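Here the structure is laid out as structure tokens; the discussion comes afterwards.
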Amino acid sequence: MNESGVSDRINELREKIEYHNNRYYNLDDPEISDYEYDMMMEELKKLEKDYPEYDSPSSPTHHVGGVAKREAGVQVRHNVPMLSLDDVFSRDEINAFVKSMQDRFGSPEFVVEQKIDGLSMTLRYDHGDLVLAETRGDGLNFGEDVTDNARRIKDVRKHIDNAPEYLEIRGEVYMTREAFSNANANQELMGKTPFKNPRNCAAGTLRQLDPKVVAERGLSMFIFNLQDVRGAYFEKHTDCYDFLHKAGVRTIENYRVCHTSDEVWNAINEIGEMRGSLPYDIDGAVVKLNSYSQRRECGHTDKVSSWAIAYKYPPEEKETTLRDIELSVGRTGRINPTAVFDPVNLCGTTVSRATLHNQDFITSMDIRIGDRIKVYKSGEIIPKISTVLKNKRPEGLKPFLIPDTCPVCGARTVREEGTANIICTSATCPAQLLRHIIYFTSRDAMDIKGLGEKAAKKLTEKGYVANVSDIYRLKDRRDDLIRERIVGKETNTDKLLSAIEDSKSNDAYRLLTGLGIPNVGKSTAKSLIDRFGSIDGIISSDADLLTTADDIGQVTADGIFEYFHQEENLKVIALLKEYGLNMSGRMVSEGDKLQGKTFVITGTLPDMKRDEAAALIEKNGGKVTSSVSKKTDFLLCGENAGSKLDKANALGVRVISEKELMDLIG
């Protein structure tokens with residue numbers, strides 16, 4: 001490579017790594033695997049070492065990839081830097097590190113530990129009381145105060161008995177695979193995008209503004225380092241572990257104390273062999289000096305501690321044969337394709353299935369039933385297909401296409417606008433019944449208080465509700481509901497039945513929203529009712545006419561037309577009409593002071609909830625949208641505003657407070 005080529009490649013790598021740092025550390029939404037990222041970083045390190053004239057202090061090889069995010073919490077300055085570790089990938093590199101420490105200290109002790117795949121957090125204790133929890137942020141200077149959220153994590157001790165005057169310890173916040181599975185099941189049930197992996201879910205959860213979400217998702221934490229202490233003395237890392245263990249603080253499990261390169265390498269391999277049996281993900285093994293005095297002598301750079309390294313396990317791949325592609329229907333109606341292949345052993349467990357995500361993924365990889373494929377475990381746990389061995393493809397294999405009918409109920413399927421998802425359009429599909437009921441009764445739709453997830457689950461499991469129209473027949477089964485305690489005794493049952501009866505007079509847009517038509521949310525439903533006056537008016541319109549409503553594209557119009565031309569859906573509409581639900585008209589406007597003005601709402605308002613503010617704006621002729629654009633007239637802004645405020649300022653959108661909104665309305 002010539003000098004110009006070296007410079008171009010270094011700049012290209014730096015740009016890519018910074019982009020992926022932002023995706024991983026700040027957005028909690030990585031686009032590439034850890035292995036791909038590690039390989040890019042290793043290439044950049046090598047080029048900067050071979051061509052030192054191109055090295056730069058601003059290179060991602062010299063700093064941690066994250067920043068302290070103000071919207072997640074108050075910035076706090078680190079007492080002790082929360083640095084990263086140098087990654088190594090071979091036994092030679094392990095041997096070199098051990099030898100360098102032995103040359104320096106004679107016969108040092110090493111501790112080899114699991115490297116948990118999560119989000120780093122430091123806890124500060126004053127006389128045993130937890131006073132602050134902080135994230136890593138930029139690693140060197142600032143992190144985020146997440147104390148309220150940390151108190152909701154079961155492994156975080158709020159008080160430590162017999163603690164020294166001051167204690168600062170660092171650990172990893174993570175999710176077990178069971179907690180991750182439960183969180184994603186809830187995401188799917190509520191019609192939200194599933195999390196990509198446990199690490200992203202843990203990171204996003206810890207930065208939540210609502211601590212209740214942290215408690216619901218069941219985060220865990222291991223302590224792996226002593227950052228600072230006053231009023232006590234620990235000679236070794238393992239001495240501190242012994243103290244913390246006796247105090248009931250959860251520390252890294254199954255660590256090994258080693259003295260030679262062979263012992264260190266054997267410990268790394270032992271940890272690697274147990275990856276498949278652990279209830280959580282690890283992405284490597286950490287090798288660190290046991291002695292604190294030796295650590296202090298080694299010091300650190302602006303990015304990494306010099307007394308420890310992280311060994312990254314290579315991704316294990318196995319070749320096998322794809323035997324089938326099974327289709328299932330999720331609770332949101334999404335068709336989920338799954339590869340079924342001859343069983344292979346990966347990371348200590350046998351796997352025979354892997355998700356294929358969607359039709360675009362299948363098409364891009366040209367995956368065909370009967371192909372020879374290579375399978376690996378992403379994050380050491382999630383089976384994925386890495387390669388289709390087309391040079392080994394038998395003759396006559398045909399491309400795979402997800403059919404245009406639901407594999408569960410036989411209804412038509414459509415592609416969800418703006419996504420790669422193919423979804424079932426039936427309101428009565430058994431696979432998505434529970435989700436339909438929850439969505440239909442939610443605040444944005446029919447807003448039936450008392451009919452939440454738990455009650456909906458009981459009603460569907462007991463056979464009381466087979467489609468949304470059955471909700472309005474529950475009054476005929478009052479005694480049964482009370483006897484089986486579906487929502488409680490007489491009082492709660494009567495409250496629910498009353499709320500169901502009251503919902504019949506809701507604005508028609510709420511009913512239209514609750515039907516769960518693909519791409520038809522609250523805003524779209526309002527536009528349709530405004531344009532056509534009633535649900536009957538929408539049903540009688542063709543797809544081209546539907547596009548004349550505000551913000552209705554051709555894909556959405558086609559989906560609406562398709563929905564209202566399925567016999568099962570029309571039967572449900574007819575029953576809802578028979579039971580007396582309002583099918584026409586919007587709320588009466590209270591004024592036109594905001595006529596023609598578009599609002600976006602962000603942050604926590606002092607006296608109103610966001611949906612209350614949105615209703616007030618709409619009653620006065622305004623329109624509320626979810627994202628800031630050049631068409632936005634006002635950003636209604638409360639405390640803890642995030643990126644929407646930055647975008648509004650960049651676009652010159654007027655930012656107003658709740659009081660200024662009231663002044664506009666008069």
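Identifiers in this document derive from the order of the structure tokens: chains are assigned A, B, ..., residues are numbered from 1 separately in each chain, and ligands are numbered from 1 in order of occurrence.
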
- prompt: Do you know which residues are at most 10 Å from Asn79 (chain A) counting only C-alpha atoms, after dropping those on the same chain fewer than 3 positions away, and could you put them as a VMD selection string?
  reply: chain A and resid 76 82 124 140 to 142 168 227 to 228

message: Give me, as a PyMOL selection string, all polymer residues having an atom no more than 10 Å from Thr625 (chain A), counting only C-alpha atoms and skipping those fewer than 4 positions away in the same chain.
response: chain A and resi 523+598-601+614+629+632

Could you please take those selected residues and save all heavy atoms as a PDB file, in the first residue's frame?
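The file below, result.pdb, is the result:
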```pdb
ATOM      1  N   SER A 523     -53.062   9.404  14.597  1.00  0.00           N
ATOM      2  CA  SER A 523     -53.036  10.563  13.709  1.00  0.00           C
ATOM      3  C   SER A 523     -53.670  10.243  12.354  1.00  0.00           C
ATOM      4  O   SER A 523     -54.457  11.030  11.823  1.00  0.00           O
ATOM      5  CB  SER A 523     -51.592  11.039  13.521  1.00  0.00           C
ATOM      6  OG  SER A 523     -51.529  12.113  12.620  1.00  0.00           O
ATOM      7  N   THR A 598     -48.967  23.232  13.313  1.00  0.00           N
ATOM      8  CA  THR A 598     -48.480  21.884  13.622  1.00  0.00           C
ATOM      9  C   THR A 598     -47.547  21.932  14.830  1.00  0.00           C
ATOM     10  O   THR A 598     -46.611  22.737  14.875  1.00  0.00           O
ATOM     11  CB  THR A 598     -47.735  21.288  12.413  1.00  0.00           C
ATOM     12  OG1 THR A 598     -48.637  21.210  11.307  1.00  0.00           O
ATOM     13  CG2 THR A 598     -47.223  19.889  12.733  1.00  0.00           C
ATOM     14  N   PHE A 599     -47.813  21.046  15.784  1.00  0.00           N
ATOM     15  CA  PHE A 599     -47.054  20.999  17.033  1.00  0.00           C
ATOM     16  C   PHE A 599     -46.349  19.651  17.180  1.00  0.00           C
ATOM     17  O   PHE A 599     -46.847  18.626  16.720  1.00  0.00           O
ATOM     18  CB  PHE A 599     -47.979  21.167  18.240  1.00  0.00           C
ATOM     19  CG  PHE A 599     -48.560  22.544  18.409  1.00  0.00           C
ATOM     20  CD1 PHE A 599     -49.579  22.990  17.575  1.00  0.00           C
ATOM     21  CD2 PHE A 599     -48.094  23.386  19.399  1.00  0.00           C
ATOM     22  CE1 PHE A 599     -50.130  24.252  17.733  1.00  0.00           C
ATOM     23  CE2 PHE A 599     -48.637  24.655  19.573  1.00  0.00           C
ATOM     24  CZ  PHE A 599     -49.664  25.089  18.730  1.00  0.00           C
ATOM     25  N   VAL A 600     -45.195  19.666  17.875  1.00  0.00           N
ATOM     26  CA  VAL A 600     -44.538  18.463  18.378  1.00  0.00           C
ATOM     27  C   VAL A 600     -44.335  18.682  19.877  1.00  0.00           C
ATOM     28  O   VAL A 600     -44.035  19.801  20.302  1.00  0.00           O
ATOM     29  CB  VAL A 600     -43.191  18.206  17.675  1.00  0.00           C
ATOM     30  CG1 VAL A 600     -42.452  17.035  18.327  1.00  0.00           C
ATOM     31  CG2 VAL A 600     -43.394  17.928  16.193  1.00  0.00           C
ATOM     32  N   ILE A 601     -44.523  17.634  20.669  1.00  0.00           N
ATOM     33  CA  ILE A 601     -44.406  17.755  22.126  1.00  0.00           C
ATOM     34  C   ILE A 601     -43.222  16.917  22.610  1.00  0.00           C
ATOM     35  O   ILE A 601     -43.060  15.766  22.198  1.00  0.00           O
ATOM     36  CB  ILE A 601     -45.692  17.280  22.823  1.00  0.00           C
ATOM     37  CG1 ILE A 601     -46.917  18.029  22.269  1.00  0.00           C
ATOM     38  CG2 ILE A 601     -45.601  17.482  24.322  1.00  0.00           C
ATOM     39  CD1 ILE A 601     -48.242  17.495  22.769  1.00  0.00           C
ATOM     40  N   ALA A 614     -51.842  17.245  23.865  1.00  0.00           N
ATOM     41  CA  ALA A 614     -52.186  16.973  22.462  1.00  0.00           C
ATOM     42  C   ALA A 614     -53.679  17.137  22.229  1.00  0.00           C
ATOM     43  O   ALA A 614     -54.112  17.727  21.227  1.00  0.00           O
ATOM     44  CB  ALA A 614     -51.743  15.561  22.087  1.00  0.00           C
ATOM     45  N   SER A 629     -39.911  18.716  11.925  1.00  0.00           N
ATOM     46  CA  SER A 629     -39.502  18.927  10.531  1.00  0.00           C
ATOM     47  C   SER A 629     -39.671  20.407  10.199  1.00  0.00           C
ATOM     48  O   SER A 629     -40.083  21.216  11.039  1.00  0.00           O
ATOM     49  CB  SER A 629     -40.352  18.077   9.582  1.00  0.00           C
ATOM     50  OG  SER A 629     -41.677  18.571   9.518  1.00  0.00           O
ATOM     51  N   THR A 632     -43.030  21.889  10.990  1.00  0.00           N
ATOM     52  CA  THR A 632     -43.438  22.083  12.385  1.00  0.00           C
ATOM     53  C   THR A 632     -43.472  23.573  12.715  1.00  0.00           C
ATOM     54  O   THR A 632     -42.513  24.299  12.443  1.00  0.00           O
ATOM     55  CB  THR A 632     -42.465  21.371  13.342  1.00  0.00           C
ATOM     56  OG1 THR A 632     -42.373  19.994  12.985  1.00  0.00           O
ATOM     57  CG2 THR A 632     -42.943  21.485  14.776  1.00  0.00           C
TER      58      THR A 632
END
```

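Distance check against Ile223 (chain A) using only C-alpha atoms: of A:Val520, A:Val156, A:Leu13, A:Leu327, the minimum falls on A:Val156.
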
Please list as a compact mmCIF listing (two decimals) with all heavy atoms, in the first residue's frame every residue within 12 Å of Ile116 (chain A), counting only C-alpha atoms and excluding residues in the same chain fewer than 6 positions away.
```txt
# COMPACT_ATOMS: atom_id res chain seq x y z
N GLY A 171 -18.92 -2.07 38.29
CA GLY A 171 -19.42 -3.36 37.82
C GLY A 171 -20.07 -3.25 36.46
O GLY A 171 -20.01 -2.21 35.80
N GLU A 172 -20.70 -4.33 36.07
CA GLU A 172 -21.36 -4.41 34.76
C GLU A 172 -22.84 -4.69 34.96
O GLU A 172 -23.23 -5.65 35.62
CB GLU A 172 -20.73 -5.52 33.92
CG GLU A 172 -21.01 -5.43 32.45
CD GLU A 172 -20.12 -4.41 31.74
OE1 GLU A 172 -19.30 -3.73 32.41
OE2 GLU A 172 -20.25 -4.29 30.51
N VAL A 173 -23.66 -3.81 34.40
CA VAL A 173 -25.11 -4.00 34.40
C VAL A 173 -25.47 -4.81 33.15
O VAL A 173 -25.04 -4.49 32.04
CB VAL A 173 -25.85 -2.65 34.39
CG1 VAL A 173 -27.36 -2.87 34.32
CG2 VAL A 173 -25.48 -1.85 35.62
N TYR A 174 -26.26 -5.87 33.34
CA TYR A 174 -26.55 -6.76 32.22
C TYR A 174 -27.94 -7.36 32.39
O TYR A 174 -28.64 -7.11 33.38
CB TYR A 174 -25.50 -7.88 32.16
CG TYR A 174 -25.57 -8.85 33.32
CD1 TYR A 174 -26.26 -10.06 33.22
CD2 TYR A 174 -24.96 -8.54 34.53
CE1 TYR A 174 -26.34 -10.93 34.29
CE2 TYR A 174 -25.03 -9.41 35.61
CZ TYR A 174 -25.72 -10.60 35.49
OH TYR A 174 -25.82 -11.47 36.54
N MET A 175 -28.35 -8.12 31.40
CA MET A 175 -29.62 -8.84 31.46
C MET A 175 -29.36 -10.32 31.27
O MET A 175 -28.58 -10.71 30.39
CB MET A 175 -30.58 -8.37 30.37
CG MET A 175 -31.07 -6.97 30.52
SD MET A 175 -32.38 -6.58 29.34
CE MET A 175 -33.81 -7.23 30.20
N THR A 176 -30.01 -11.13 32.08
CA THR A 176 -29.98 -12.57 31.81
C THR A 176 -30.77 -12.82 30.53
O THR A 176 -31.58 -11.99 30.11
CB THR A 176 -30.61 -13.36 32.96
OG1 THR A 176 -32.00 -13.02 33.05
CG2 THR A 176 -29.91 -13.07 34.27
N PRO A 198 -29.30 -8.57 24.53
CA PRO A 198 -29.40 -8.19 25.95
C PRO A 198 -28.59 -6.96 26.32
O PRO A 198 -29.03 -6.16 27.15
CB PRO A 198 -28.88 -9.44 26.68
CG PRO A 198 -29.17 -10.56 25.74
CD PRO A 198 -28.95 -9.99 24.36
N ARG A 199 -27.43 -6.78 25.72
CA ARG A 199 -26.59 -5.63 26.06
C ARG A 199 -27.30 -4.32 25.70
O ARG A 199 -27.33 -3.37 26.49
CB ARG A 199 -25.25 -5.73 25.33
CG ARG A 199 -24.21 -4.71 25.82
CD ARG A 199 -24.22 -3.44 25.00
NE ARG A 199 -23.38 -2.42 25.63
CZ ARG A 199 -23.46 -1.12 25.37
NH1 ARG A 199 -24.36 -0.67 24.53
NH2 ARG A 199 -22.68 -0.27 25.97
N ALA A 202 -30.18 -3.70 28.10
CA ALA A 202 -29.71 -3.27 29.42
C ALA A 202 -29.28 -1.81 29.38
O ALA A 202 -29.61 -1.02 30.28
CB ALA A 202 -28.56 -4.16 29.88
N SER A 220 -29.58 -6.98 36.07
CA SER A 220 -28.69 -7.58 37.05
C SER A 220 -27.35 -6.84 37.03
O SER A 220 -27.08 -6.05 36.13
CB SER A 220 -28.47 -9.07 36.74
OG SER A 220 -29.68 -9.78 36.73
N MET A 221 -26.50 -7.12 38.03
CA MET A 221 -25.19 -6.46 38.08
C MET A 221 -24.17 -7.31 38.80
O MET A 221 -24.46 -7.93 39.82
CB MET A 221 -25.31 -5.10 38.77
CG MET A 221 -24.00 -4.29 38.76
SD MET A 221 -24.14 -2.70 39.60
CE MET A 221 -22.53 -1.98 39.19
N PHE A 222 -22.95 -7.36 38.23
CA PHE A 222 -21.78 -7.94 38.87
C PHE A 222 -20.79 -6.82 39.16
O PHE A 222 -20.59 -5.93 38.32
CB PHE A 222 -21.07 -8.94 37.93
CG PHE A 222 -21.67 -10.30 37.88
CD1 PHE A 222 -22.07 -10.85 36.67
CD2 PHE A 222 -21.82 -11.06 39.03
CE1 PHE A 222 -22.61 -12.12 36.61
CE2 PHE A 222 -22.36 -12.33 38.97
CZ PHE A 222 -22.76 -12.86 37.76
N ILE A 223 -20.14 -6.84 40.32
CA ILE A 223 -19.03 -5.92 40.61
C ILE A 223 -17.73 -6.59 40.18
O ILE A 223 -17.49 -7.76 40.48
CB ILE A 223 -18.98 -5.57 42.10
CG1 ILE A 223 -20.25 -4.83 42.52
CG2 ILE A 223 -17.74 -4.75 42.43
CD1 ILE A 223 -20.48 -3.52 41.79
N PHE A 224 -16.87 -5.82 39.48
CA PHE A 224 -15.61 -6.41 39.03
C PHE A 224 -14.38 -5.59 39.39
O PHE A 224 -13.25 -5.99 39.06
CB PHE A 224 -15.62 -6.67 37.51
CG PHE A 224 -15.75 -5.43 36.66
CD1 PHE A 224 -14.69 -4.55 36.49
CD2 PHE A 224 -16.93 -5.16 35.99
CE1 PHE A 224 -14.79 -3.43 35.69
CE2 PHE A 224 -17.06 -4.05 35.18
CZ PHE A 224 -15.99 -3.16 35.03
N THR A 251 -20.31 -10.19 43.20
CA THR A 251 -19.10 -9.97 42.41
C THR A 251 -19.02 -10.99 41.28
O THR A 251 -19.79 -11.95 41.24
CB THR A 251 -17.84 -10.07 43.28
OG1 THR A 251 -17.79 -11.39 43.86
CG2 THR A 251 -17.87 -9.03 44.39
N ILE A 252 -18.07 -10.77 40.38
CA ILE A 252 -17.84 -11.70 39.27
C ILE A 252 -17.64 -13.11 39.82
O ILE A 252 -16.88 -13.33 40.77
CB ILE A 252 -16.60 -11.28 38.45
CG1 ILE A 252 -16.91 -10.03 37.63
CG2 ILE A 252 -16.14 -12.40 37.54
CD1 ILE A 252 -17.77 -10.27 36.41
N GLU A 253 -18.29 -14.08 39.20
CA GLU A 253 -18.22 -15.46 39.66
C GLU A 253 -17.15 -16.26 38.89
O GLU A 253 -16.77 -15.89 37.79
CB GLU A 253 -19.59 -16.14 39.48
CG GLU A 253 -20.70 -15.45 40.29
CD GLU A 253 -22.07 -15.99 39.96
OE1 GLU A 253 -22.21 -16.67 38.92
OE2 GLU A 253 -23.02 -15.72 40.72
N ILE A 271 -13.14 -20.71 30.90
CA ILE A 271 -14.25 -19.76 30.84
C ILE A 271 -14.94 -19.85 29.48
O ILE A 271 -16.16 -19.80 29.37
CB ILE A 271 -13.75 -18.32 31.11
CG1 ILE A 271 -13.32 -18.20 32.57
CG2 ILE A 271 -14.81 -17.29 30.76
CD1 ILE A 271 -12.66 -16.87 32.92
N ARG A 275 -19.28 -20.87 28.25
CA ARG A 275 -20.11 -19.79 27.70
C ARG A 275 -21.54 -20.23 27.45
O ARG A 275 -22.50 -19.51 27.75
CB ARG A 275 -19.51 -19.27 26.39
CG ARG A 275 -18.33 -18.35 26.57
CD ARG A 275 -17.80 -17.88 25.24
NE ARG A 275 -17.10 -18.94 24.52
CZ ARG A 275 -16.69 -18.83 23.26
NH1 ARG A 275 -16.95 -17.75 22.57
NH2 ARG A 275 -16.04 -19.82 22.68
N LEU A 278 -23.88 -20.54 30.71
CA LEU A 278 -24.13 -19.39 31.57
C LEU A 278 -25.51 -18.80 31.27
O LEU A 278 -25.95 -18.83 30.12
CB LEU A 278 -23.06 -18.32 31.37
CG LEU A 278 -21.63 -18.70 31.77
CD1 LEU A 278 -20.65 -17.63 31.32
CD2 LEU A 278 -21.53 -18.90 33.28
N PRO A 279 -26.19 -18.23 32.26
CA PRO A 279 -27.51 -17.63 32.01
C PRO A 279 -27.43 -16.22 31.42
O PRO A 279 -28.45 -15.58 31.23
CB PRO A 279 -28.14 -17.59 33.41
CG PRO A 279 -26.98 -17.48 34.33
CD PRO A 279 -25.86 -18.26 33.69
N TYR A 280 -26.22 -15.74 31.16
CA TYR A 280 -26.01 -14.40 30.61
C TYR A 280 -24.91 -14.47 29.56
O TYR A 280 -24.19 -15.47 29.44
CB TYR A 280 -25.62 -13.41 31.73
CG TYR A 280 -24.56 -13.94 32.65
CD1 TYR A 280 -23.20 -13.87 32.32
CD2 TYR A 280 -24.89 -14.55 33.86
CE1 TYR A 280 -22.23 -14.38 33.16
CE2 TYR A 280 -23.93 -15.05 34.71
CZ TYR A 280 -22.60 -14.96 34.36
OH TYR A 280 -21.64 -15.46 35.19
N ASP A 281 -24.75 -13.38 28.80
CA ASP A 281 -23.75 -13.34 27.73
C ASP A 281 -22.41 -12.83 28.24
O ASP A 281 -22.35 -11.90 29.05
CB ASP A 281 -24.21 -12.39 26.61
CG ASP A 281 -25.43 -12.92 25.87
OD1 ASP A 281 -25.84 -14.05 26.16
OD2 ASP A 281 -25.96 -12.19 25.02
N ILE A 282 -21.33 -13.45 27.77
CA ILE A 282 -19.99 -12.89 27.97
C ILE A 282 -19.37 -12.72 26.60
O ILE A 282 -19.70 -13.44 25.65
CB ILE A 282 -19.10 -13.78 28.87
CG1 ILE A 282 -18.82 -15.14 28.21
CG2 ILE A 282 -19.74 -13.99 30.23
CD1 ILE A 282 -17.80 -15.98 28.97
N ASP A 283 -18.48 -11.74 26.47
CA ASP A 283 -17.84 -11.51 25.17
C ASP A 283 -16.33 -11.64 25.26
O ASP A 283 -15.60 -11.16 24.39
CB ASP A 283 -18.23 -10.15 24.59
CG ASP A 283 -17.88 -8.98 25.51
OD1 ASP A 283 -17.39 -9.23 26.63
OD2 ASP A 283 -18.10 -7.84 25.10
N GLY A 284 -15.84 -12.30 26.33
CA GLY A 284 -14.42 -12.53 26.44
C GLY A 284 -14.02 -12.86 27.86
O GLY A 284 -14.86 -13.16 28.71
N ALA A 285 -12.71 -12.84 28.10
CA ALA A 285 -12.16 -13.05 29.45
C ALA A 285 -11.18 -11.93 29.74
O ALA A 285 -10.44 -11.49 28.86
CB ALA A 285 -11.47 -14.41 29.54
N VAL A 286 -11.17 -11.46 30.99
CA VAL A 286 -10.27 -10.37 31.39
C VAL A 286 -9.13 -10.95 32.20
O VAL A 286 -9.34 -11.78 33.10
CB VAL A 286 -11.02 -9.32 32.23
CG1 VAL A 286 -10.07 -8.23 32.71
CG2 VAL A 286 -12.16 -8.71 31.43
N ALA A 310 -8.15 -7.68 27.73
CA ALA A 310 -9.37 -8.47 27.49
C ALA A 310 -9.14 -9.39 26.30
O ALA A 310 -8.81 -8.92 25.21
CB ALA A 310 -10.56 -7.56 27.23
N LYS A 312 -10.66 -11.66 23.53
CA LYS A 312 -11.93 -11.82 22.83
C LYS A 312 -11.93 -13.19 22.13
O LYS A 312 -11.03 -13.50 21.34
CB LYS A 312 -12.11 -10.71 21.79
CG LYS A 312 -12.32 -9.33 22.40
CD LYS A 312 -13.63 -9.27 23.17
CE LYS A 312 -14.06 -7.87 23.49
NZ LYS A 312 -14.60 -7.13 22.36
N GLY A 379 -22.92 -12.73 19.76
CA GLY A 379 -22.86 -12.47 21.19
C GLY A 379 -22.73 -13.74 21.99
O GLY A 379 -23.10 -13.80 23.16
N GLU A 380 -22.23 -14.80 21.36
CA GLU A 380 -22.01 -16.11 21.97
C GLU A 380 -23.31 -16.84 22.33
O GLU A 380 -23.27 -17.86 23.00
CB GLU A 380 -21.14 -15.99 23.23
CG GLU A 380 -19.87 -15.17 23.04
CD GLU A 380 -18.99 -15.70 21.93
OE1 GLU A 380 -19.10 -16.86 21.55
OE2 GLU A 380 -18.18 -14.91 21.41
```

task: Enumerate, as number ranges by chain, the complete set of residues in region 113-216 of chain A that a backbone-based DSSP assignment places in strand (DSSP E or B).
output: A: 113-116, 119-126, 129-135, 142-145, 159, 166-174

message: Applying 9 Å and only C-alpha atoms, which residues near region 36-47 of chain A remain after dropping the ones on its own chain fewer than 5 positions away? List them as number ranges by chain.
response: A: 6, 9-10, 13-14, 16-17, 20, 52, 54-55, 60-61, 87-88, 312

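With only C-alpha atoms as the atoms that count, the residue of A:Asp324, A:Asp138, A:Asp129, A:Glu490 with the shortest distance to Phe400 (chain A) is A:Asp324.
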
Run DSSP on the backbone and tell me which residues of region 352-434 of chain A come out as alpha helix (DSSP H); list them as a short mmCIF file (atom, residue, chain, number, x, y, z; two decimals) with all heavy atoms, in the first residue's frame.
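result13.cif was written with the following content:
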```cif
data_model
loop_
_atom_site.label_atom_id
_atom_site.label_comp_id
_atom_site.auth_asym_id
_atom_site.auth_seq_id
_atom_site.Cartn_x
_atom_site.Cartn_y
_atom_site.Cartn_z
N GLN A 359 -38.30 -11.06 4.78
CA GLN A 359 -38.08 -11.43 3.38
C GLN A 359 -36.87 -10.74 2.79
O GLN A 359 -36.12 -11.33 2.00
CB GLN A 359 -39.32 -11.08 2.54
CG GLN A 359 -39.22 -11.50 1.08
CD GLN A 359 -39.13 -13.00 0.90
OE1 GLN A 359 -40.02 -13.73 1.30
NE2 GLN A 359 -38.05 -13.48 0.31
N ASP A 360 -36.63 -9.48 3.16
CA ASP A 360 -35.47 -8.76 2.62
C ASP A 360 -34.17 -9.47 2.98
O ASP A 360 -33.24 -9.56 2.16
CB ASP A 360 -35.44 -7.33 3.15
CG ASP A 360 -36.51 -6.45 2.52
OD1 ASP A 360 -37.26 -6.97 1.66
OD2 ASP A 360 -36.61 -5.27 2.88
N PHE A 361 -34.09 -9.95 4.22
CA PHE A 361 -32.89 -10.67 4.66
C PHE A 361 -32.71 -11.96 3.86
O PHE A 361 -31.60 -12.27 3.41
CB PHE A 361 -32.99 -10.98 6.16
CG PHE A 361 -31.81 -11.71 6.73
CD1 PHE A 361 -30.68 -11.03 7.12
CD2 PHE A 361 -31.84 -13.10 6.87
CE1 PHE A 361 -29.59 -11.71 7.65
CE2 PHE A 361 -30.75 -13.79 7.39
CZ PHE A 361 -29.63 -13.09 7.78
N ILE A 362 -33.79 -12.70 3.69
CA ILE A 362 -33.74 -13.95 2.93
C ILE A 362 -33.30 -13.69 1.50
O ILE A 362 -32.45 -14.39 0.94
CB ILE A 362 -35.12 -14.65 2.97
CG1 ILE A 362 -35.45 -15.09 4.40
CG2 ILE A 362 -35.15 -15.86 2.03
CD1 ILE A 362 -36.88 -15.58 4.56
N THR A 363 -33.87 -12.64 0.89
CA THR A 363 -33.56 -12.31 -0.50
C THR A 363 -32.12 -11.84 -0.65
O THR A 363 -31.41 -12.24 -1.59
CB THR A 363 -34.52 -11.24 -1.02
OG1 THR A 363 -35.87 -11.72 -0.90
CG2 THR A 363 -34.23 -10.90 -2.47
N SER A 364 -31.66 -10.99 0.29
CA SER A 364 -30.30 -10.44 0.17
C SER A 364 -29.25 -11.53 0.28
O SER A 364 -28.20 -11.46 -0.37
CB SER A 364 -30.07 -9.38 1.25
OG SER A 364 -30.09 -9.95 2.54
N MET A 365 -29.51 -12.57 1.12
CA MET A 365 -28.55 -13.66 1.25
C MET A 365 -28.82 -14.78 0.25
O MET A 365 -28.00 -15.70 0.12
CB MET A 365 -28.60 -14.23 2.67
CG MET A 365 -28.10 -13.28 3.74
SD MET A 365 -27.72 -14.12 5.30
CE MET A 365 -26.23 -15.02 4.87
N LEU A 433 -54.43 -12.35 18.85
CA LEU A 433 -55.64 -11.92 19.54
C LEU A 433 -55.34 -11.08 20.77
O LEU A 433 -55.91 -10.00 20.96
CB LEU A 433 -56.49 -13.14 19.93
CG LEU A 433 -57.72 -12.85 20.80
CD1 LEU A 433 -58.68 -11.92 20.07
CD2 LEU A 433 -58.41 -14.15 21.19
N LEU A 434 -54.45 -11.56 21.65
CA LEU A 434 -54.17 -10.85 22.89
C LEU A 434 -53.66 -9.44 22.61
O LEU A 434 -54.09 -8.47 23.24
CB LEU A 434 -53.15 -11.63 23.73
CG LEU A 434 -52.74 -10.98 25.06
CD1 LEU A 434 -53.97 -10.74 25.94
CD2 LEU A 434 -51.73 -11.85 25.78
#
```
